[in-house]
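Next up, query.cif (mmCIF, C-alpha atoms and all ligand atoms):
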data_target
loop_
_atom_site.label_atom_id
_atom_site.label_comp_id
_atom_site.auth_asym_id
_atom_site.auth_seq_id
_atom_site.Cartn_x
_atom_site.Cartn_y
_atom_site.Cartn_z
CA MET A 1 -13.19 -24.58 -4.30
CA LYS A 2 -13.36 -26.82 -1.24
CA GLU A 3 -10.13 -26.51 0.69
CA ASN A 4 -8.40 -28.99 2.90
CA PHE A 5 -5.49 -27.24 4.55
CA PRO A 6 -2.61 -27.61 4.36
CA CYS A 7 -2.66 -28.26 0.62
CA ASP A 8 0.07 -28.45 -1.99
CA ILE A 9 0.47 -25.23 -3.98
CA ARG A 10 -0.12 -27.32 -7.16
CA GLN A 11 -3.69 -27.95 -6.05
CA LEU A 12 -4.57 -24.24 -6.11
CA PRO A 13 -6.57 -22.85 -9.03
CA THR A 14 -4.81 -20.41 -11.35
CA PRO A 15 -4.51 -17.50 -11.31
CA SER A 16 -4.30 -17.23 -7.50
CA LEU A 17 -2.68 -14.65 -5.24
CA LEU A 18 0.01 -16.20 -3.03
CA LEU A 19 1.21 -14.66 0.23
CA GLU A 20 4.43 -15.97 1.76
CA ARG A 21 3.79 -15.39 5.42
CA GLU A 22 7.40 -15.69 6.60
CA VAL A 23 8.61 -13.15 4.04
CA MET A 24 5.83 -10.77 5.10
CA ARG A 25 6.66 -11.22 8.77
CA ALA A 26 10.31 -10.38 8.09
CA ASN A 27 9.20 -7.16 6.32
CA ILE A 28 6.95 -6.29 9.26
CA GLN A 29 9.80 -6.95 11.69
CA ARG A 30 12.23 -4.81 9.73
CA MET A 31 9.89 -1.81 9.82
CA ALA A 32 8.87 -2.29 13.46
CA GLU A 33 12.54 -2.44 14.51
CA ARG A 34 13.40 0.68 12.49
CA MET A 35 10.56 2.60 14.11
CA GLY A 36 11.61 1.31 17.55
CA ALA A 37 15.15 2.60 16.91
CA LEU A 38 13.81 5.98 15.72
CA ASN A 39 11.39 6.14 18.64
CA CYS A 40 8.30 6.62 16.50
CA ASN A 41 4.92 4.87 16.38
CA LEU A 42 3.64 3.20 13.26
CA ARG A 43 0.10 3.89 12.08
CA PRO A 44 0.32 1.30 9.29
CA HIS A 45 -1.62 1.93 6.10
CA VAL A 46 -3.93 -1.05 5.51
CA LYS A 47 -4.79 -0.15 1.90
CA THR A 48 -2.09 -2.52 0.61
CA HIS A 49 -3.43 -5.69 2.22
CA LYS A 50 -7.02 -4.83 3.32
CA SER A 51 -6.97 -7.93 5.50
CA LEU A 52 -7.65 -8.42 9.21
CA GLN A 53 -5.32 -11.43 9.34
CA VAL A 54 -2.43 -9.51 7.78
CA LEU A 55 -3.06 -6.66 10.21
CA ALA A 56 -2.93 -9.12 13.12
CA ASP A 57 0.62 -10.06 12.01
CA VAL A 58 1.51 -6.36 11.62
CA GLU A 59 0.30 -5.73 15.20
CA LYS A 60 2.35 -8.65 16.49
CA GLY A 61 5.44 -6.96 14.99
CA GLY A 62 4.94 -4.16 17.54
CA ASN A 63 5.34 -0.35 17.65
CA THR A 64 1.89 0.28 16.15
CA ALA A 65 -0.73 2.75 17.37
CA GLY A 66 -3.87 2.88 15.24
CA ILE A 67 -4.25 2.32 11.50
CA THR A 68 -4.61 4.38 8.33
CA VAL A 69 -7.30 3.59 5.75
CA SER A 70 -7.84 4.81 2.19
CA THR A 71 -11.60 4.20 2.02
CA LEU A 72 -14.48 4.35 4.48
CA GLN A 73 -15.24 0.77 3.51
CA GLU A 74 -11.84 -0.20 4.98
CA ALA A 75 -12.68 1.87 8.08
CA GLU A 76 -15.94 -0.06 8.50
CA TYR A 77 -14.29 -3.46 7.93
CA PHE A 78 -11.39 -2.88 10.33
CA PHE A 79 -13.64 -1.22 12.94
CA GLU A 80 -15.90 -4.27 12.90
CA GLY A 81 -12.75 -6.37 13.24
CA GLY A 82 -11.89 -4.61 16.51
CA TYR A 83 -9.74 -1.61 15.43
CA SER A 84 -11.14 1.71 16.60
CA ASN A 85 -8.24 4.18 16.24
CA ILE A 86 -8.43 5.04 12.54
CA LEU A 87 -7.12 7.80 10.27
CA TYR A 88 -8.93 8.16 6.94
CA GLY A 89 -6.09 9.48 4.77
CA VAL A 90 -7.96 10.91 1.77
CA GLY A 91 -9.52 14.40 1.82
CA LEU A 92 -13.05 14.03 3.20
CA THR A 93 -15.99 15.03 0.98
CA PRO A 94 -19.27 16.34 2.44
CA ASN A 95 -21.21 13.35 1.08
CA LYS A 96 -19.14 11.02 3.30
CA VAL A 97 -19.70 12.85 6.59
CA GLU A 98 -22.80 10.79 7.39
CA ALA A 99 -20.84 7.51 7.08
CA VAL A 100 -18.11 9.01 9.26
CA ALA A 101 -20.72 10.14 11.83
CA ASN A 102 -22.14 6.64 11.88
CA LEU A 103 -18.73 5.14 12.71
CA ILE A 104 -18.06 7.79 15.37
CA SER A 105 -21.46 7.18 17.00
CA ARG A 106 -20.55 3.48 17.28
CA GLY A 107 -17.36 4.29 19.19
CA CYS A 108 -14.82 4.60 16.38
CA SER A 109 -12.15 7.21 16.97
CA LEU A 110 -11.94 8.35 13.35
CA THR A 111 -9.78 11.27 12.24
CA VAL A 112 -10.20 12.86 8.81
CA VAL A 113 -8.08 14.98 6.49
CA THR A 114 -8.61 18.19 4.53
CA ASP A 115 -6.53 20.85 2.77
CA ASN A 116 -8.89 23.68 1.81
CA ILE A 117 -11.33 26.20 3.21
CA ALA A 118 -14.18 25.31 0.84
CA ALA A 119 -14.14 21.75 2.20
CA ILE A 120 -13.80 22.97 5.80
CA ASN A 121 -16.98 25.06 5.43
CA LEU A 122 -18.96 22.20 3.90
CA LEU A 123 -17.66 19.61 6.40
CA GLY A 124 -18.44 21.92 9.33
CA GLU A 125 -22.01 22.38 8.06
CA ARG A 126 -22.58 18.62 7.73
CA ALA A 127 -20.94 17.90 11.11
CA ARG A 128 -23.23 20.41 12.88
CA VAL A 129 -26.34 18.98 11.20
CA LEU A 130 -25.29 15.48 12.27
CA GLY A 131 -24.32 16.63 15.77
CA ILE A 132 -20.72 15.35 15.69
CA GLU A 133 -17.29 16.80 16.37
CA LEU A 134 -14.87 15.79 13.59
CA PRO A 135 -11.15 15.49 14.45
CA VAL A 136 -9.22 16.93 11.47
CA LEU A 137 -5.62 16.84 10.21
CA ILE A 138 -4.40 19.37 7.66
CA GLU A 139 -2.85 17.67 4.65
CA LEU A 140 0.50 19.22 3.67
CA ASP A 141 2.14 19.10 0.25
CA VAL A 142 5.85 18.55 0.97
CA ASP A 143 7.00 17.68 -2.55
CA GLY A 144 4.50 18.81 -5.18
CA HIS A 145 3.30 15.23 -5.56
CA ARG A 146 -0.48 15.73 -5.28
CA SER A 147 -2.87 17.40 -2.81
CA GLY A 148 -2.06 19.43 0.32
CA VAL A 149 -1.42 22.94 1.61
CA PRO A 150 2.10 24.38 1.24
CA PRO A 151 3.84 23.54 4.54
CA MET A 152 4.78 27.15 5.24
CA GLY A 153 3.14 30.51 4.70
CA GLU A 154 -0.20 32.21 5.11
CA GLU A 155 -2.40 29.54 3.54
CA LEU A 156 -1.36 26.99 6.18
CA ILE A 157 -2.26 29.33 9.02
CA ASP A 158 -5.53 30.38 7.32
CA VAL A 159 -6.57 26.72 6.98
CA ALA A 160 -5.56 25.94 10.58
CA ARG A 161 -7.49 28.93 11.89
CA ALA A 162 -10.53 28.07 9.75
CA ILE A 163 -10.67 24.56 11.24
CA GLN A 164 -10.20 25.90 14.77
CA GLU A 165 -13.01 28.43 14.29
CA THR A 166 -15.48 26.06 12.60
CA SER A 167 -17.82 24.47 15.07
CA GLY A 168 -18.15 20.75 14.41
CA LEU A 169 -14.42 20.46 13.55
CA THR A 170 -11.42 20.06 15.88
CA LEU A 171 -7.88 20.69 14.71
CA GLN A 172 -5.68 17.73 15.65
CA GLY A 173 -2.55 18.33 13.62
CA VAL A 174 -0.87 17.89 10.25
CA MET A 175 -0.19 14.96 7.94
CA THR A 176 1.67 14.37 4.70
CA HIS A 177 2.69 11.53 2.36
CA ALA A 178 6.01 11.95 0.55
CA GLY A 179 4.76 10.44 -2.71
CA GLY A 180 7.64 12.25 -4.44
CA SER A 181 9.92 9.53 -3.05
CA TYR A 182 8.51 7.26 -5.78
CA ASP A 183 10.29 9.39 -8.40
CA CYS A 184 13.73 9.11 -6.77
CA ASP A 185 16.78 7.83 -8.66
CA SER A 186 18.98 6.85 -5.74
CA ILE A 187 18.96 5.97 -2.06
CA ASP A 188 20.54 9.37 -1.34
CA ASP A 189 17.58 11.01 -3.08
CA ILE A 190 15.14 8.97 -0.97
CA ARG A 191 17.01 9.94 2.21
CA HIS A 192 16.75 13.57 1.13
CA CYS A 193 12.97 13.15 0.56
CA ALA A 194 12.63 11.54 3.98
CA GLN A 195 14.46 14.40 5.68
CA GLN A 196 12.40 16.97 3.75
CA GLU A 197 9.12 15.20 4.62
CA ARG A 198 10.04 15.18 8.33
CA ASP A 199 11.45 18.72 8.45
CA LEU A 200 8.56 20.38 6.61
CA ALA A 201 5.86 18.56 8.61
CA VAL A 202 7.54 19.40 11.94
CA SER A 203 8.07 23.04 10.99
CA ALA A 204 4.44 23.35 9.78
CA ALA A 205 3.29 22.06 13.18
CA GLN A 206 5.56 24.57 14.93
CA ALA A 207 4.19 27.43 12.82
CA ILE A 208 0.61 26.45 13.73
CA ARG A 209 1.49 26.21 17.43
CA ALA A 210 3.22 29.61 17.27
CA GLU A 211 -0.20 31.08 16.36
CA GLY A 212 -1.62 29.70 19.61
CA LEU A 213 -3.44 26.89 17.78
CA SER A 214 -3.37 23.25 18.80
CA CYS A 215 -1.32 20.79 16.70
CA GLN A 216 -0.67 17.54 18.55
CA VAL A 217 -0.34 15.16 15.62
CA VAL A 218 2.53 15.19 13.11
CA SER A 219 1.81 12.23 10.82
CA ILE A 220 4.06 11.42 7.85
CA GLY A 221 5.19 8.51 5.73
CA SER A 222 5.60 6.43 2.64
CA THR A 223 7.35 3.07 2.38
CA PRO A 224 10.56 4.41 0.76
CA THR A 225 10.94 7.32 3.18
CA ALA A 226 10.05 5.20 6.23
CA LEU A 227 12.69 2.62 5.24
CA MET A 228 15.39 5.24 4.61
CA SER A 229 14.67 7.86 7.26
CA ASN A 230 17.36 8.51 9.89
CA ASN A 231 15.57 11.10 11.97
CA LEU A 232 11.93 11.29 13.04
CA ASP A 233 12.27 13.80 15.89
CA GLY A 234 9.03 15.72 16.34
CA VAL A 235 7.03 13.21 14.27
CA THR A 236 4.26 11.49 16.25
CA GLU A 237 3.50 8.66 13.79
CA ILE A 238 4.51 7.20 10.44
CA ARG A 239 2.15 5.51 7.95
CA PRO A 240 3.84 3.16 5.44
CA GLY A 241 1.69 0.44 3.83
CA VAL A 242 3.47 -1.28 0.93
CA TYR A 243 6.33 -2.39 3.21
CA THR A 244 4.29 -5.40 4.39
CA PHE A 245 4.43 -7.03 0.92
CA LEU A 246 6.93 -4.94 -1.07
CA ASP A 247 7.01 -5.18 -4.88
CA LEU A 248 9.11 -4.67 -8.02
CA PHE A 249 8.71 -0.90 -7.84
CA GLN A 250 10.30 -0.84 -4.37
CA VAL A 251 13.07 -3.14 -5.68
CA GLY A 252 13.62 -0.67 -8.53
CA LEU A 253 13.91 2.16 -6.01
CA GLY A 254 16.57 0.16 -4.16
CA VAL A 255 14.74 -0.20 -0.82
CA ALA A 256 14.04 -3.96 -1.20
CA GLN A 257 15.36 -7.13 -2.82
CA LEU A 258 13.37 -9.53 -5.02
CA SER A 259 13.46 -12.03 -2.16
CA ASP A 260 11.61 -9.51 0.11
CA ILE A 261 8.47 -9.56 -2.09
CA ALA A 262 5.83 -11.48 -0.15
CA ILE A 263 3.11 -11.78 -2.80
CA SER A 264 3.09 -13.39 -6.23
CA VAL A 265 0.54 -14.58 -8.76
CA LEU A 266 0.34 -18.32 -9.40
CA THR A 267 -0.26 -19.13 -13.06
CA THR A 268 -0.22 -22.08 -15.49
CA VAL A 269 1.28 -22.39 -18.96
CA ILE A 270 -1.48 -22.60 -21.63
CA GLY A 271 0.68 -22.85 -24.77
CA HIS A 272 3.51 -21.35 -26.84
CA GLN A 273 4.34 -19.18 -29.83
CA GLU A 274 7.57 -20.99 -30.58
CA GLU A 275 8.71 -18.83 -33.49
CA LYS A 276 8.36 -15.72 -31.28
CA GLY A 277 9.98 -17.37 -28.27
CA TRP A 278 6.86 -16.76 -26.17
CA VAL A 279 5.21 -18.83 -23.46
CA ILE A 280 1.52 -18.08 -22.86
CA VAL A 281 0.02 -18.30 -19.35
CA ASP A 282 -3.47 -18.01 -17.85
CA ALA A 283 -2.73 -14.77 -15.94
CA GLY A 284 -3.10 -11.50 -17.86
CA TRP A 285 -3.56 -7.94 -16.69
CA MET A 286 -6.72 -8.89 -14.80
CA ALA A 287 -4.56 -11.10 -12.59
CA MET A 288 -1.54 -8.76 -12.39
CA SER A 289 -3.39 -5.38 -12.64
CA ARG A 290 -2.67 -2.80 -15.32
CA ASP A 291 0.07 -1.22 -13.17
CA ARG A 292 3.22 -0.76 -15.25
CA GLY A 293 5.01 1.37 -12.66
CA THR A 294 8.47 -0.06 -13.44
CA GLU A 295 8.20 1.22 -17.04
CA LYS A 296 9.57 4.55 -15.76
CA GLN A 297 12.42 2.92 -13.84
CA ARG A 298 15.88 1.85 -15.02
CA LEU A 299 14.76 -1.80 -15.30
CA ASP A 300 11.35 -2.20 -16.93
CA GLN A 301 9.83 -5.38 -15.47
CA GLY A 302 6.89 -5.56 -17.88
CA TYR A 303 3.86 -6.89 -16.00
CA GLY A 304 6.07 -8.85 -13.58
CA VAL A 305 9.11 -11.02 -12.97
CA VAL A 306 8.63 -14.73 -13.64
CA CYS A 307 9.68 -17.26 -10.97
CA ASP A 308 9.54 -21.02 -10.81
CA LEU A 309 7.01 -22.72 -8.55
CA GLU A 310 9.40 -22.46 -5.59
CA GLY A 311 9.55 -18.68 -6.07
CA GLU A 312 13.08 -18.54 -7.58
CA PRO A 313 13.24 -15.76 -10.21
CA LEU A 314 14.12 -16.97 -13.71
CA MET A 315 16.95 -14.81 -15.02
CA ASP A 316 15.55 -12.00 -17.21
CA VAL A 317 12.22 -13.76 -17.81
CA ILE A 318 9.28 -11.36 -17.46
CA MET A 319 5.62 -11.06 -18.42
CA GLY A 320 6.38 -8.75 -21.32
CA LYS A 321 2.83 -8.30 -22.56
CA ALA A 322 -0.61 -8.95 -21.16
CA ASN A 323 -4.17 -9.26 -22.45
CA GLN A 324 -7.09 -9.50 -20.07
CA GLU A 325 -6.60 -13.20 -19.29
CA HIS A 326 -3.45 -14.05 -21.28
CA GLY A 327 0.06 -13.27 -20.12
CA ILE A 328 2.97 -13.41 -22.57
CA ILE A 329 6.15 -14.63 -20.95
CA MET A 330 9.40 -13.75 -22.70
CA VAL A 331 13.02 -12.92 -22.12
CA ARG A 332 13.45 -9.22 -21.41
CA ASN A 333 13.74 -7.23 -24.69
CA GLY A 334 13.17 -10.48 -26.62
CA ALA A 335 16.93 -11.07 -26.15
CA ALA A 336 16.59 -14.87 -26.50
CA PRO A 337 13.61 -17.14 -27.32
CA LEU A 338 12.02 -19.29 -24.61
CA LYS A 339 11.80 -22.96 -25.61
CA PRO A 340 8.51 -24.87 -25.24
CA CYS A 341 10.40 -27.88 -23.84
CA ASP A 342 11.51 -25.75 -20.84
CA PHE A 343 7.90 -24.68 -20.12
CA PRO A 344 5.58 -27.58 -21.03
CA VAL A 345 1.83 -26.91 -21.05
CA GLY A 346 0.58 -27.28 -17.46
CA THR A 347 3.80 -25.91 -15.90
CA MET A 348 3.00 -23.67 -12.94
CA LEU A 349 4.91 -20.41 -12.46
CA ARG A 350 4.82 -17.46 -10.07
CA ILE A 351 4.90 -13.81 -11.13
CA LEU A 352 6.18 -11.03 -8.83
CA PRO A 353 4.06 -7.86 -9.22
CA ASN A 354 5.02 -4.27 -10.03
CA HIS A 355 2.71 -2.82 -7.41
CA ALA A 356 1.53 -4.83 -4.41
CA CYS A 357 -1.60 -2.70 -3.75
CA ALA A 358 -2.81 -2.89 -7.35
CA THR A 359 -2.19 -6.62 -7.82
CA SER A 360 -3.72 -7.68 -4.52
CA GLY A 361 -6.69 -5.42 -5.33
CA GLN A 362 -7.59 -7.86 -8.14
CA TYR A 363 -8.31 -10.71 -5.68
CA GLU A 364 -10.89 -11.74 -3.08
CA HIS A 365 -8.39 -13.59 -0.89
CA TYR A 366 -4.76 -14.51 -0.27
CA CYS A 367 -3.57 -18.11 -0.48
CA VAL A 368 -1.28 -18.10 2.54
CA LEU A 369 1.94 -20.07 2.09
CA GLU A 370 3.85 -21.42 5.05
CA GLY A 371 6.82 -23.39 3.80
CA SER A 372 5.71 -24.95 0.51
CA SER A 373 2.11 -25.54 1.60
CA CYS A 374 -0.96 -23.37 1.41
CA THR A 375 -2.23 -23.26 4.98
CA ASN A 376 -5.19 -20.91 4.69
CA PHE A 377 -7.19 -18.44 2.61
CA TRP A 378 -7.33 -14.93 4.07
CA ARG A 379 -10.17 -12.73 2.86
CA ARG A 380 -9.50 -9.14 1.84
CA THR A 381 -12.06 -6.37 1.71
CA ARG A 382 -12.78 -4.11 -1.28
CA GLY A 383 -14.92 -1.22 -2.43
CA TRP A 384 -15.44 2.31 -1.17
C1 LIG A 401 -2.04 9.26 2.87
C2 LIG A 401 -1.12 8.12 2.69
N1 LIG A 401 -0.42 7.67 3.74
C3 LIG A 401 0.43 6.62 3.63
C4 LIG A 401 0.59 5.95 2.43
C5 LIG A 401 1.48 4.73 2.39
O1 LIG A 401 2.61 4.87 1.60
P1 LIG A 401 3.21 3.63 0.78
O2 LIG A 401 2.19 3.27 -0.24
O3 LIG A 401 4.45 4.20 0.19
O4 LIG A 401 3.48 2.56 1.75
C6 LIG A 401 -0.12 6.40 1.31
C7 LIG A 401 0.03 5.74 0.01
O5 LIG A 401 -0.46 6.13 -0.99
C8 LIG A 401 -1.00 7.49 1.44
O6 LIG A 401 -1.71 7.95 0.41
#

Final structure tokens representation of the file:
Amino acid sequence: MKENFPCDIRQLPTPSLLLEREVMRANIQRMAERMGALNCNLRPHVKTHKSLQVLADVEKGGNTAGITVSTLQEAEYFFEGGYSNILYGVGLTPNKVEAVANLISRGCSLTVVTDNIAAINLLGERARVLGIELPVLIELDVDGHRSGVPPMGEELIDVARAIQETSGLTLQGVMTHAGGSYDCDSIDDIRHCAQQERDLAVSAAQAIRAEGLSCQVVSIGSTPTALMSNNLDGVTEIRPGVYTFLDLFQVGLGVAQLSDIAISVLTTVIGHQEEKGWVIVDAGWMAMSRDRGTEKQRLDQGYGVVCDLEGEPLMDVIMGKANQEHGIIMVRNGAAPLKPCDFPVGTMLRILPNHACATSGQYEHYCVLEGSSCTNFWRRTRGW
């Protein structure tokens, strides 16, 4: 498509991924101010947006120091875009050490993560062969959510000592991600998760230091815990990512409102199944992603909440079902039929996503909205 910016949203092809820049900037501001008040640096996770232009707005919000990536492809993309202080937040495998060494040799200050002695031995071997010194954080499991070493006890100290004693590796500190906050039922629960995430990471760092080992970095964070935390004493950085865009899952958790969601999928009505009360659109799960995260929450939002072209949610209208390229728009629980006359063929709608990372991952670029116009396309990176 040949673009002439600014253009009317109606001129965009469908499905397209819309990004409301002012909404995003308000989200960025909210987090930056919280971290300022709690006296903690942000190391924002870029896996949600994977975009240099979005990151430029995040940086303008302030209180950032470095970035977190979820793939080495992101590390490469953001390093080439001028960011050199990078944490790769997924346990490093030996077959990736060469790519890491390449980035380090070009001046990237890249820190990696591990949680076991088998990996430490293999990473050390590769680092020595490649002649590099790898800065390493120990991943802690603070809530039984996924990977990580228990934050107290012998295993933690064994892993810390193994890193310290392995030539080619340098122990920098500890990190954790309170993914358990995504299972919370109330704001009180999220606050409890946030306190637990902070307390366990800080006490793990103290236990390592008490053994005479170095532990400068205490890195924690998820969007829900970052938004609800009241105390980050002893934490050196926090790494939320989804907060830039927010999504229906975060609304379901209670840490955001529908009006805080900065991205939506633009779609067009193809036709109707009048007797079923359905409206059919040209955005299916390929456009929304397969993420059905809200299914487990109190309010199941199907594949997304339907809004009019101005972004106003239509009461109880959701994408209830999705095929690859067909979305089925209906009233929640089929409570009332939708009428074709209210959604003529060609009507354009916007769908708010369940999970910002998953939906944006389906697209090559954002259509950036400022006011009611699309003012630019911002590329996003992808791959591993
Ligand atoms: C290691 C790590 N840090 C930070 C985050 C960001 O958390 P959120 O997605 O809640 O913003 C994630 C998300 O998966 C993560 O895996």

Subject >> For range 201-206 of chain A: contacts at 6 Å, only C-alpha atoms, fewer than 2 positions along chain excluded, given as a PyMOL selection string >> reply: chain A and resi 151-152+198-199+208-209+215+234

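From CA of Lys50 in chain A back to CA of Arg380 in chain A, the distance works out to 5.2 Å.
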
Original post:
Can you tell me, as number ranges by chain, what residues are no more than 6 Å from range 351-355 of chain A when counting all atoms listed in the file, ignoring any on the same chain fewer than 4 positions away?
Top reply: A: 247-249, 264-265, 304-307

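Closest approach to Pro6 in chain A among A:Ala256, A:Leu369, A:Ala335, A:Ala101: A:Leu369, based on all atoms listed in the file.
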
Proximity of chain A to ligand LIG 401 (chain A): per-residue shortest pair, 9 Å limit, only C-alpha atoms and all ligand atoms, as a Markdown table:
| residue | atom | partner | partner_atom | distance |
| --- | --- | --- | --- | --- |
| A:Arg43 | CA | A:LIG401 | C3 | 8.9 |
| A:Pro44 | CA | A:LIG401 | C3 | 7.8 |
| A:His45 | CA | A:LIG401 | C5 | 5.6 |
| A:Val46 | CA | A:LIG401 | C5 | 8.5 |
| A:Lys47 | CA | A:LIG401 | C7 | 7.8 |
| A:Thr48 | CA | A:LIG401 | O2 | 7.3 |
| A:Thr68 | CA | A:LIG401 | N1 | 7.0 |
| A:Val69 | CA | A:LIG401 | N1 | 8.2 |
| A:Ser70 | CA | A:LIG401 | O6 | 7.1 |
| A:Tyr88 | CA | A:LIG401 | C1 | 8.1 |
| A:Gly89 | CA | A:LIG401 | C1 | 4.5 |
| A:Val90 | CA | A:LIG401 | C1 | 6.2 |
| A:Glu139 | CA | A:LIG401 | C1 | 8.6 |
| A:Met175 | CA | A:LIG401 | C1 | 7.8 |
| A:Thr176 | CA | A:LIG401 | C1 | 6.6 |
| A:His177 | CA | A:LIG401 | C2 | 5.1 |
| A:Ala178 | CA | A:LIG401 | O3 | 7.9 |
| A:Gly179 | CA | A:LIG401 | O3 | 6.9 |
| A:Ser181 | CA | A:LIG401 | O3 | 8.3 |
| A:Tyr182 | CA | A:LIG401 | O3 | 7.8 |
| A:Ser219 | CA | A:LIG401 | N1 | 8.7 |
| A:Ile220 | CA | A:LIG401 | N1 | 7.1 |
| A:Gly221 | CA | A:LIG401 | C3 | 5.5 |
| A:Ser222 | CA | A:LIG401 | O3 | 3.5 |
| A:Thr223 | CA | A:LIG401 | O3 | 3.8 |
| A:Pro224 | CA | A:LIG401 | O3 | 6.1 |
| A:Thr225 | CA | A:LIG401 | O3 | 7.8 |
| A:Ala226 | CA | A:LIG401 | O3 | 8.3 |
| A:Ile238 | CA | A:LIG401 | C3 | 8.0 |
| A:Arg239 | CA | A:LIG401 | C3 | 4.8 |
| A:Pro240 | CA | A:LIG401 | O4 | 3.8 |
| A:Gly241 | CA | A:LIG401 | O4 | 3.5 |
| A:Val242 | CA | A:LIG401 | O4 | 3.9 |
| A:Tyr243 | CA | A:LIG401 | O4 | 5.9 |
| A:Thr244 | CA | A:LIG401 | O4 | 8.4 |
| A:Leu246 | CA | A:LIG401 | O4 | 8.7 |
| A:Gln250 | CA | A:LIG401 | O3 | 9.0 |
| A:Cys357 | CA | A:LIG401 | O2 | 7.9 |

Original post:
So how many Å separate CA of Gly168 in chain A and CA of Leu123 in chain A, to one decimal?
Top reply: 8.1 Å

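The interatomic distance for the pair CA of Gln257 in chain A and CA of Met24 in chain A works out to 12.9 Å.
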
(15.1, -2.2, -14.4) in this file's frame - what residues fall within 10 Å of it? Use all atoms listed in the file and give the answer as a compact mmCIF listing (two decimals) with C-alpha atoms, in the coordinates of the input.
# COMPACT_ATOMS: atom_id res chain seq x y z
CA LEU A 248 9.11 -4.67 -8.02
CA PHE A 249 8.71 -0.90 -7.84
CA VAL A 251 13.07 -3.14 -5.68
CA GLY A 252 13.62 -0.67 -8.53
CA LEU A 253 13.91 2.16 -6.01
CA THR A 294 8.47 -0.06 -13.44
CA GLU A 295 8.20 1.22 -17.04
CA LYS A 296 9.57 4.55 -15.76
CA GLN A 297 12.42 2.92 -13.84
CA ARG A 298 15.88 1.85 -15.02
CA LEU A 299 14.76 -1.80 -15.30
CA ASP A 300 11.35 -2.20 -16.93
CA GLN A 301 9.83 -5.38 -15.47
CA GLY A 302 6.89 -5.56 -17.88

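Residues lying within 7 Å of (-16.4, 12.4, 15.7). Counted over all atoms listed in the file, they are Ala101, Ile104, Ser109, Leu110, Ile132, Glu133, Leu134 and Pro135 of chain A.
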
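When all atoms listed in the file are used to measure the gap to Arg290 in chain A, the shortest distance among A:Val23, A:Ala32, A:Val113, A:Ala322 belongs to A:Ala322.
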
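Once Asn121 in chain A and its same-chain neighbours fewer than 3 positions away are set aside, Asn116, Ile117, Ala118, Gly124, Glu125, Arg126, Ala162, Ile163 and Thr166 of chain A remain within 9 Å of it when counting all atoms listed in the file.
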
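Among A:Val345, A:Leu156, A:Cys374, A:Val142, the residue with the shortest atom-to-atom distance to Ile270 in chain A, counting all atoms listed in the file, is A:Val345.
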
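The nearest approach to Met35 in chain A among the residues A:Gln196, A:Glu237, A:Glu20, A:Arg350, with all atoms listed in the file taken into account, belongs to A:Glu237.
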
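Closest approach to Ser373 in chain A from the set A:Ile190, A:Ala207, A:Leu309, A:Leu227 is made by A:Leu309, with distances taken over only C-alpha atoms.
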
**OP:** For Ile9 in chain A, list every protein, DNA or RNA residue within 12 Å, evaluated using all atoms listed in the file, and leave out those in the same chain fewer than 3 positions away; present the list as a ChimeraX atom specification.
**Re:** /A:3-6,12-20,265-268,309-311,348-350,367-376

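For the choices A:Met286, A:Val281, A:Met315, A:Ala99, the atom-to-atom distance to Thr347 in chain A is smallest for A:Val281 when using all atoms listed in the file.
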